[in-house]
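Below you'll find the structure, written out as structure tokens, and then a few comments.
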Amino acid sequence: MRSMKDRLLLVFYHDVILLLLTWHCGGQSQMIGPTDPLVAMTGDNIILPCQLDPARDAVDLTVEWSRRDLKPRFVHLKRDNAELVTQNTLYSRRTSLSVNKLKCGDISLKLSKVQVSDAGMYNCLVPEIGAETGMELVVGSVSSVVMEISKVKNEIFFKCKSNGWYPEPHVFWLNSQGNQITAESTNSAKGSDGLYTVSSTVTVNKKQTYSLTCRVQQKNINQTEEAHIHVSGRKMRYA
């Protein structure tokens with residue numbers, strides 16, 4: 001049978017251990033997220049990473065994913081183990097959290113069927129412990145390049161066109177040496193869907209030999225599309 005001294009020591013050690021656990025799992029938790037922008041293409045599914053460090057069970061914690069530029073601002077909200085209806089309708093049925101990952105402190109958000117309107121700054125927050133982090137999502141959309149050709153007397157007009165880009169791309173022409181040549185006209189228009197259509201035109205003498213490349217490029221999402229054509233006298237060959 002334990003003495004009174006032993007029992008008091010046991011209670012003391014129990015309280016110390018409980019205090020250390022509370023300090024370790026509660027007050028010292030922080031959020032880890034990506035430092036570089038995330039890039040997704042329209043139609044993709046993407047994970048927005050967010051992890052508690054040190055890891056702890058987050059199943060019973062409130063999890064808020066939000067964008068400050070939206071009203072309502074909630075992209076996804078979990079409170080009292082329920083998904084609340086205050087979610088912005090732009091994200092309806094497109095966001096989810098993994099219960100299994102929540103048990104390990106992983107509160108990453110899965111975003112399905114990415115849209116142009118999803119581009120922006122996201123905030124991941126667990127209010128009970130004051131841990132949060134932010135990240136940027138860059139959304140891209142690309143399309144193939146189409147070449148249109150028309151002839152007037154001794155000249156050939158080449159029109160390069162591409163629909164469905166985001167963000168707005170840059171379009172330019174290259175000769176056979178890879179040097180940029182001046183376009184006669186270049187246009188860009190944003191549609192009601194938020195996507196850009198670009199076009200550009202050059203003219204050459206049909207009696208001369210040319211190899212032309214029309215390149216449409218968006219460096220922010222590291223995407224390039226191009227079309228090639230070779231003109232030799234009256235013959236034309238696509239590449």
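To be explicit about the labels: the chains of the structure tokens are called A, B, and onward in the order shown, and within each one the residues are counted from 1, while ligands get numbers from 1 in the order they are shown.
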
Determine, using only C-alpha atoms, which residues of stretch 120-204 of chain A have any atom at most 10 Å from an atom of stretch 47-70 of chain A, and tabulate each with its shortest atom pair and distance in Å to one decimal place, rows ordered by chain and then rising number, as a tab-separated table.
```
residue	atom	partner	partner_atom	distance
A:Gly120	CA	A:Arg67	CA	7.5
A:Met121	CA	A:Arg67	CA	6.2
A:Tyr122	CA	A:Arg67	CA	5.0
A:Asn123	CA	A:Ser66	CA	5.2
A:Cys124	CA	A:Trp65	CA	4.8
A:Leu125	CA	A:Glu64	CA	5.1
A:Val126	CA	A:Val63	CA	5.0
A:Pro127	CA	A:Thr62	CA	6.6
A:Glu128	CA	A:Leu61	CA	7.0
A:Ile129	CA	A:Leu61	CA	9.0
A:Ala131	CA	A:Leu52	CA	7.9
A:Glu132	CA	A:Cys50	CA	8.7
A:Thr133	CA	A:Cys50	CA	7.6
A:Gly134	CA	A:Cys50	CA	9.0
A:Met135	CA	A:Leu48	CA	8.2
A:Glu136	CA	A:Leu48	CA	9.3
A:Leu137	CA	A:Leu48	CA	8.4
```

Using only C-alpha atoms, determine which residues lie at most 10 Å from stretch 149-158 of chain A, disregarding the query and same-chain residues fewer than 2 positions distant; provide the list as a short mmCIF file (atom, residue, chain, number, x, y, z; two decimals) with C-alpha atoms, in the first residue's frame.
```
data_model
loop_
_atom_site.label_atom_id
_atom_site.label_comp_id
_atom_site.auth_asym_id
_atom_site.auth_seq_id
_atom_site.Cartn_x
_atom_site.Cartn_y
_atom_site.Cartn_z
CA MET A 147 -3.23 29.33 -88.11
CA CYS A 160 -2.52 33.13 -85.53
CA LYS A 161 -5.39 32.66 -83.06
CA ALA A 183 3.61 41.50 -86.07
CA GLU A 184 1.34 43.81 -88.05
CA SER A 200 -1.80 38.15 -84.26
CA THR A 201 -1.09 38.75 -87.96
CA VAL A 202 2.01 38.90 -90.16
CA THR A 203 2.43 39.31 -93.94
CA VAL A 204 5.09 37.77 -96.19
CA ASN A 205 5.87 37.83 -99.92
CA LYS A 206 4.72 34.51 -101.37
CA LYS A 207 7.69 34.38 -103.74
CA GLN A 208 10.11 34.16 -100.82
CA LEU A 212 7.35 30.94 -89.21
CA CYS A 214 3.46 31.62 -83.81
CA ILE A 229 4.45 26.80 -91.07
CA VAL A 231 6.52 28.79 -97.01
CA ARG A 234 3.89 28.81 -103.74
#
```

Nearest residue to A:Asp44 from the set A:Gln217, A:Asn81, A:Gln115, A:Ser92 (distances using only C-alpha atoms): A:Gln115

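For the pair atom CA of A:Lys190 and atom CA of A:Pro72, the separation is 26.2 Å.
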
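The closest residue to A:Asn222, picked from A:Val138, A:Cys104, A:Leu109, A:Val198 and counting only C-alpha atoms, is A:Val138.
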
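Relative to atom CA of A:His76, atom CA of A:Met41 is found at 20.6 Å.
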
10 Å contact set for A:Asn163, only C-alpha atoms, chain neighbours under 6 positions out, as a PyMOL selection string: chain A and resi 141-146+188-191+195-199

I need the residues from that last selection saved to file as a PDB file, in the first residue's frame (with C-alpha atoms), if you can.
```
ATOM      1  CA  SER A 141      -6.076  27.737 -68.790  1.00  0.00           C
ATOM      2  CA  VAL A 142      -4.463  26.993 -72.157  1.00  0.00           C
ATOM      3  CA  SER A 143      -5.602  26.182 -75.673  1.00  0.00           C
ATOM      4  CA  SER A 144      -4.079  25.098 -78.970  1.00  0.00           C
ATOM      5  CA  VAL A 145      -2.996  27.598 -81.627  1.00  0.00           C
ATOM      6  CA  VAL A 146      -4.790  27.809 -84.986  1.00  0.00           C
ATOM      7  CA  SER A 188      -6.373  40.286 -76.881  1.00  0.00           C
ATOM      8  CA  ALA A 189      -9.960  40.087 -75.607  1.00  0.00           C
ATOM      9  CA  LYS A 190     -11.413  38.793 -72.334  1.00  0.00           C
ATOM     10  CA  GLY A 191     -14.666  36.850 -72.605  1.00  0.00           C
ATOM     11  CA  LEU A 195     -10.825  33.529 -70.490  1.00  0.00           C
ATOM     12  CA  TYR A 196      -8.720  35.364 -73.056  1.00  0.00           C
ATOM     13  CA  THR A 197      -8.687  35.088 -76.846  1.00  0.00           C
ATOM     14  CA  VAL A 198      -5.535  36.311 -78.572  1.00  0.00           C
ATOM     15  CA  SER A 199      -4.716  36.807 -82.250  1.00  0.00           C
TER      16      SER A 199
END
```

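The coordinates place atom CA of A:Arg73 at 7.6 Å from atom CA of A:Gln87.
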
Backbone-only DSSP, strand (DSSP E or B) members of stretch 38-236 of chain A, as a PyMOL selection string: chain A and resi 38-41+46-48+51-53+63-66+74-79+82-83+95-96+106+109-111+120-126+131-141+146-152+155-166+170-174+180-181+185-190+196-205+209-218+223-232+235-236
